[in-house]
Amino acid sequence: MTVEKQIYEQAKAARVPQPTIITNIVATLKGSQPQAADRIYVVSGHYDSMCNSPTDAKCDAPGANDDASGTAAVLEMARVMAKFEFDATIVFMAVAGEEQGLLGSTHFAEEAKEKKWDVEAMFTNDIIGNSLGGNGIRDRNTVRVFSEGVPSNETAAEATTRRSVGGENDSPSRQLARFIKETSEAFVPQMTVMMVYRRDRYGRGGDHIPFLERGYPAVRFTEVNEDFRHQHQNVRTENGVQYGDLPEFVDFNYVANVARVNAASLAMLAYAPARPKGVTIISRLSDDTELRWEANTEPDLAGYEIVWRDTTSPVWTNSKAVGKVTTFTLKGMSKDNFFFGVRAVDNEGNRSPVTYPKPMTRQATDRPTTSSNP
Ligand SMILES: [Zn+2]
């Protein structure tokens, strides 16, 4: 594992009254499989914090939950996972300037895009420490995973396709959320992943958004019941109520369990093959469903699975192993009646997230195809 500071000068902005040095701490655990080492999974928390005012630099802003909880989870994952070898690369990151407009994460995501890094998934952990909500509900065993439906970077052409045949529930980020739920609940049975089918909460944002805007799959982890008396508040007592983001309102066992959910999912992503690329569904009138995709390059690849579900189901419900092929036809199953996807499986049974297919017209199918965007 190598650790570096990513430093830049942030120009004046809405919540930045003067040019300010922003520093991200970036720890990279390089993948050991040459075919997978360029595939990157990023997990982050933000180490800046704020009081009522985002430009008050003098107040005491302990930020125990928002977001020392996420930063601590990332540090602990880095400590534990550094001893292991994964096929793909994992980046453990603590970013700054989140409260000033997602500044540190934007800088990292922009650099990733410029350098054409293959960021296959990004997790932000933000407010993952409080198990007792302002609504009085105590829940120590559930964490929310927010995922967007319609991709933030969707093109006009993709929107036209989506309006025609659906897919608003099948973005890469939503496949990632399903992967996290399925994987972590197998390894961390004491925790339930509550998938939330939206990008973030009302009026809020997080460090996953700059990644989404640049086309990288990303999700947000947050506790289920928030207590707004302990977020973005000057530390004070008012009418006998304690305000402020203080450590006494953090449930440390809960933070540890959320870190376990993250770690299990990250580990399985980095052990598994890449999600299949160039997956298409042949768009012609037929009683059968024909899927095609590009071959994975990992030497330990065992083959592929087709998954499907009813169009109203929130999660994949069926799967079929189809071997080491790059096309498969499901006889007598109409693509009009189900959603389909493809995932890759390695020799140890590690499964990639699912890739949702793009439709390929009959005309295009008659031409040789290598593009992932036919
Ligand atoms: Zn935060």
# chains A, B, ... in the order shown; residues from 1 in each chain; ligands from 1
$ residues_around --residues "Thr326 (chain A)" --least-positions-apart "3" --cutoff "8 Å" --atoms "only C-alpha atoms" --output "VMD selection string"
chain A and resid 292 to 295
$ closest_atom_pairs --of "chain A" --to "ligand 1" --cutoff "12 Å" --atoms "only C-alpha atoms and all ligand atoms" --output "Markdown table"
| residue | atom | partner | partner_atom_place_in_ligand_line | distance |
| --- | --- | --- | --- | --- |
| A:Ser44 | CA | ligand 1 | 1 (Zn) | 11.1 |
| A:Gly45 | CA | ligand 1 | 1 (Zn) | 8.1 |
| A:His46 | CA | ligand 1 | 1 (Zn) | 6.6 |
| A:Tyr47 | CA | ligand 1 | 1 (Zn) | 8.6 |
| A:Asp48 | CA | ligand 1 | 1 (Zn) | 8.2 |
| A:Ser49 | CA | ligand 1 | 1 (Zn) | 7.3 |
| A:Met50 | CA | ligand 1 | 1 (Zn) | 9.0 |
| A:Cys51 | CA | ligand 1 | 1 (Zn) | 11.7 |
| A:Pro54 | CA | ligand 1 | 1 (Zn) | 11.8 |
| A:Gly63 | CA | ligand 1 | 1 (Zn) | 8.5 |
| A:Ala64 | CA | ligand 1 | 1 (Zn) | 10.3 |
| A:Asn65 | CA | ligand 1 | 1 (Zn) | 8.1 |
| A:Asp66 | CA | ligand 1 | 1 (Zn) | 4.5 |
| A:Asp67 | CA | ligand 1 | 1 (Zn) | 5.1 |
| A:Ala68 | CA | ligand 1 | 1 (Zn) | 8.9 |
| A:Ser69 | CA | ligand 1 | 1 (Zn) | 9.5 |
| A:Gly70 | CA | ligand 1 | 1 (Zn) | 8.5 |
| A:Thr71 | CA | ligand 1 | 1 (Zn) | 10.2 |
| A:Ala94 | CA | ligand 1 | 1 (Zn) | 11.8 |
| A:Val95 | CA | ligand 1 | 1 (Zn) | 10.7 |
| A:Ala96 | CA | ligand 1 | 1 (Zn) | 10.3 |
| A:Gly97 | CA | ligand 1 | 1 (Zn) | 9.9 |
| A:Glu98 | CA | ligand 1 | 1 (Zn) | 6.7 |
| A:Glu99 | CA | ligand 1 | 1 (Zn) | 6.7 |
| A:Gln100 | CA | ligand 1 | 1 (Zn) | 10.4 |
| A:Gly101 | CA | ligand 1 | 1 (Zn) | 10.7 |
| A:Leu102 | CA | ligand 1 | 1 (Zn) | 9.5 |
| A:Thr124 | CA | ligand 1 | 1 (Zn) | 9.5 |
| A:Asn125 | CA | ligand 1 | 1 (Zn) | 8.3 |
| A:Asp126 | CA | ligand 1 | 1 (Zn) | 4.9 |
| A:Ile127 | CA | ligand 1 | 1 (Zn) | 5.9 |
| A:Ile128 | CA | ligand 1 | 1 (Zn) | 9.4 |
| A:Gly129 | CA | ligand 1 | 1 (Zn) | 11.3 |
| A:Asp200 | CA | ligand 1 | 1 (Zn) | 11.8 |
| A:Arg201 | CA | ligand 1 | 1 (Zn) | 11.9 |
| A:Arg204 | CA | ligand 1 | 1 (Zn) | 9.2 |
| A:Gly205 | CA | ligand 1 | 1 (Zn) | 8.4 |
| A:Gly206 | CA | ligand 1 | 1 (Zn) | 6.7 |
| A:Asp207 | CA | ligand 1 | 1 (Zn) | 8.5 |
| A:His208 | CA | ligand 1 | 1 (Zn) | 11.2 |
| A:Arg220 | CA | ligand 1 | 1 (Zn) | 10.5 |
| A:Phe221 | CA | ligand 1 | 1 (Zn) | 10.7 |
| A:Thr222 | CA | ligand 1 | 1 (Zn) | 9.4 |
| A:Glu223 | CA | ligand 1 | 1 (Zn) | 11.6 |
| A:Glu226 | CA | ligand 1 | 1 (Zn) | 11.9 |
| A:Phe228 | CA | ligand 1 | 1 (Zn) | 12.0 |
| A:His230 | CA | ligand 1 | 1 (Zn) | 11.7 |
| A:Gln231 | CA | ligand 1 | 1 (Zn) | 8.5 |
| A:His232 | CA | ligand 1 | 1 (Zn) | 8.9 |
| A:Asp245 | CA | ligand 1 | 1 (Zn) | 11.1 |
$ select_by_dssp --residues "region 4-209 of chain A" --states "strand (DSSP E)" --output "number ranges by chain"
A: 4-10, 20-29, 39-46, 89-95, 118-125, 142-146, 192-196
$ residues_around --residues "region 149-163 of chain A" --least-positions-apart "4" --cutoff "7 Å" --atoms "only C-alpha atoms" --output "PDB file with N, CA, C and O atoms, in the first residue's frame"
ATOM      1  N   GLY A 167     -35.189   0.910 -18.103  1.00  0.00           N
ATOM      2  CA  GLY A 167     -33.795   0.935 -17.678  1.00  0.00           C
ATOM      3  C   GLY A 167     -33.535   1.997 -16.634  1.00  0.00           C
ATOM      4  O   GLY A 167     -32.415   2.125 -16.140  1.00  0.00           O
ATOM      5  N   GLU A 168     -34.580   2.758 -16.251  1.00  0.00           N
ATOM      6  CA  GLU A 168     -34.389   3.806 -15.239  1.00  0.00           C
ATOM      7  C   GLU A 168     -34.054   3.217 -13.873  1.00  0.00           C
ATOM      8  O   GLU A 168     -33.668   3.924 -12.956  1.00  0.00           O
ATOM      9  N   ASN A 169     -34.199   1.906 -13.760  1.00  0.00           N
ATOM     10  CA  ASN A 169     -33.927   1.232 -12.492  1.00  0.00           C
ATOM     11  C   ASN A 169     -32.670   0.367 -12.600  1.00  0.00           C
ATOM     12  O   ASN A 169     -32.445  -0.506 -11.763  1.00  0.00           O
ATOM     13  N   ASP A 170     -31.871   0.575 -13.631  1.00  0.00           N
ATOM     14  CA  ASP A 170     -30.766  -0.338 -13.912  1.00  0.00           C
ATOM     15  C   ASP A 170     -29.466   0.365 -14.272  1.00  0.00           C
ATOM     16  O   ASP A 170     -28.676  -0.131 -15.061  1.00  0.00           O
ATOM     17  N   SER A 171     -29.229   1.516 -13.664  1.00  0.00           N
ATOM     18  CA  SER A 171     -27.940   2.194 -13.871  1.00  0.00           C
ATOM     19  C   SER A 171     -26.818   1.341 -13.283  1.00  0.00           C
ATOM     20  O   SER A 171     -27.061   0.473 -12.440  1.00  0.00           O
ATOM     21  N   ARG A 174     -26.937   1.426  -9.548  1.00  0.00           N
ATOM     22  CA  ARG A 174     -27.966   0.580  -8.931  1.00  0.00           C
ATOM     23  C   ARG A 174     -27.545  -0.883  -8.945  1.00  0.00           C
ATOM     24  O   ARG A 174     -27.807  -1.624  -7.992  1.00  0.00           O
ATOM     25  N   TYR A 197     -33.548   3.932  -3.504  1.00  0.00           N
ATOM     26  CA  TYR A 197     -33.478   4.167  -4.940  1.00  0.00           C
ATOM     27  C   TYR A 197     -33.567   5.660  -5.247  1.00  0.00           C
ATOM     28  O   TYR A 197     -34.505   6.141  -5.879  1.00  0.00           O
ATOM     29  N   ARG A 198     -32.587   6.405  -4.778  1.00  0.00           N
ATOM     30  CA  ARG A 198     -32.418   7.822  -5.128  1.00  0.00           C
ATOM     31  C   ARG A 198     -30.947   8.172  -4.905  1.00  0.00           C
ATOM     32  O   ARG A 198     -30.247   7.470  -4.179  1.00  0.00           O
ATOM     33  N   LEU A 212     -20.380  10.270 -10.060  1.00  0.00           N
ATOM     34  CA  LEU A 212     -21.533   9.975 -10.913  1.00  0.00           C
ATOM     35  C   LEU A 212     -21.557  10.889 -12.127  1.00  0.00           C
ATOM     36  O   LEU A 212     -21.833  10.448 -13.241  1.00  0.00           O
ATOM     37  N   GLU A 213     -21.250  12.154 -11.899  1.00  0.00           N
ATOM     38  CA  GLU A 213     -21.307  13.126 -13.000  1.00  0.00           C
ATOM     39  C   GLU A 213     -20.271  12.826 -14.073  1.00  0.00           C
ATOM     40  O   GLU A 213     -20.393  13.278 -15.204  1.00  0.00           O
ATOM     41  N   ARG A 214     -19.232  12.096 -13.703  1.00  0.00           N
ATOM     42  CA  ARG A 214     -18.192  11.739 -14.676  1.00  0.00           C
ATOM     43  C   ARG A 214     -18.330  10.300 -15.164  1.00  0.00           C
ATOM     44  O   ARG A 214     -17.401   9.736 -15.748  1.00  0.00           O
ATOM     45  N   GLY A 215     -19.468   9.698 -14.885  1.00  0.00           N
ATOM     46  CA  GLY A 215     -19.759   8.386 -15.444  1.00  0.00           C
ATOM     47  C   GLY A 215     -19.238   7.208 -14.638  1.00  0.00           C
ATOM     48  O   GLY A 215     -19.226   6.079 -15.134  1.00  0.00           O
TER      49      GLY A 215
END
$ atom_distance --atom1 "CA of Ala256 (chain A)" --atom2 "CA of Leu75 (chain A)"
11.3 Å
$ residues_around --residues "Asn52 (chain A)" --least-positions-apart "6" --cutoff "10 Å" --atoms "only C-alpha atoms" --output "MDAnalysis selection string"
chainID A and resid 59 61 231:235 244
$ write_last_selection --atoms "N, CA and C atoms" --output "compact mmCIF listing (two decimals), in the first residue's frame"
# COMPACT_ATOMS: atom_id res chain seq x y z
N CYS A 59 -15.25 28.35 14.62
CA CYS A 59 -16.07 27.66 15.62
C CYS A 59 -15.54 26.26 15.88
N ALA A 61 -16.08 22.64 15.55
CA ALA A 61 -16.91 21.74 14.74
C ALA A 61 -16.36 20.32 14.90
N GLN A 231 -25.83 17.44 13.61
CA GLN A 231 -25.15 17.66 12.32
C GLN A 231 -25.14 19.14 12.03
N HIS A 232 -23.99 19.65 11.60
CA HIS A 232 -23.90 21.05 11.14
C HIS A 232 -24.45 22.01 12.20
N GLN A 233 -24.11 21.78 13.46
CA GLN A 233 -24.64 22.60 14.56
C GLN A 233 -23.50 23.13 15.41
N ASN A 234 -23.59 24.41 15.81
CA ASN A 234 -22.68 24.91 16.83
C ASN A 234 -22.94 24.11 18.11
N VAL A 235 -21.85 23.79 18.80
CA VAL A 235 -22.00 23.05 20.05
C VAL A 235 -22.59 23.99 21.10
N GLY A 244 -24.88 19.78 18.55
CA GLY A 244 -23.48 19.63 18.17
C GLY A 244 -23.15 18.19 17.82
$ atom_distance --atom1 "CA of Pro172 (chain A)" --atom2 "CA of Pro210 (chain A)"
15.1 Å
$ closest_residue --among "A:Ser319, A:Asn257, A:Gln242, A:Thr311" --to "Ser184 (chain A)" --atoms "only C-alpha atoms"
A:Asn257
$ select_by_dssp --residues "region 42-74 of chain A" --states "alpha helix (DSSP H)" --output "PyMOL selection string"
chain A and resi 70-74
$ residues_around --residues "Met268 (chain A)" --least-positions-apart "6" --cutoff "12 Å" --atoms "only C-alpha atoms" --output "MDAnalysis selection string"
chainID A and resid 41 81 85:90 176 179:180 182:184 186:187 261:262 274 345:346 348:353
$ residues_around --residues "region 354-360 of chain A" --least-positions-apart "2" --cutoff "8 Å" --atoms "only C-alpha atoms" --output "ChimeraX atom specification"
/A:170-172,175-176,179,275-283,291,307,340-344,352,362,364-365,373-374
$ closest_residue --among "A:Tyr216, A:Arg178, A:Lys30, A:Ala11" --to "Ser313 (chain A)" --atoms "only C-alpha atoms"
A:Arg178
$ closest_residue --among "A:Ala78, A:Gly136, A:Gly104, A:Asn318" --to "Thr20 (chain A)" --atoms "only C-alpha atoms"
A:Gly104
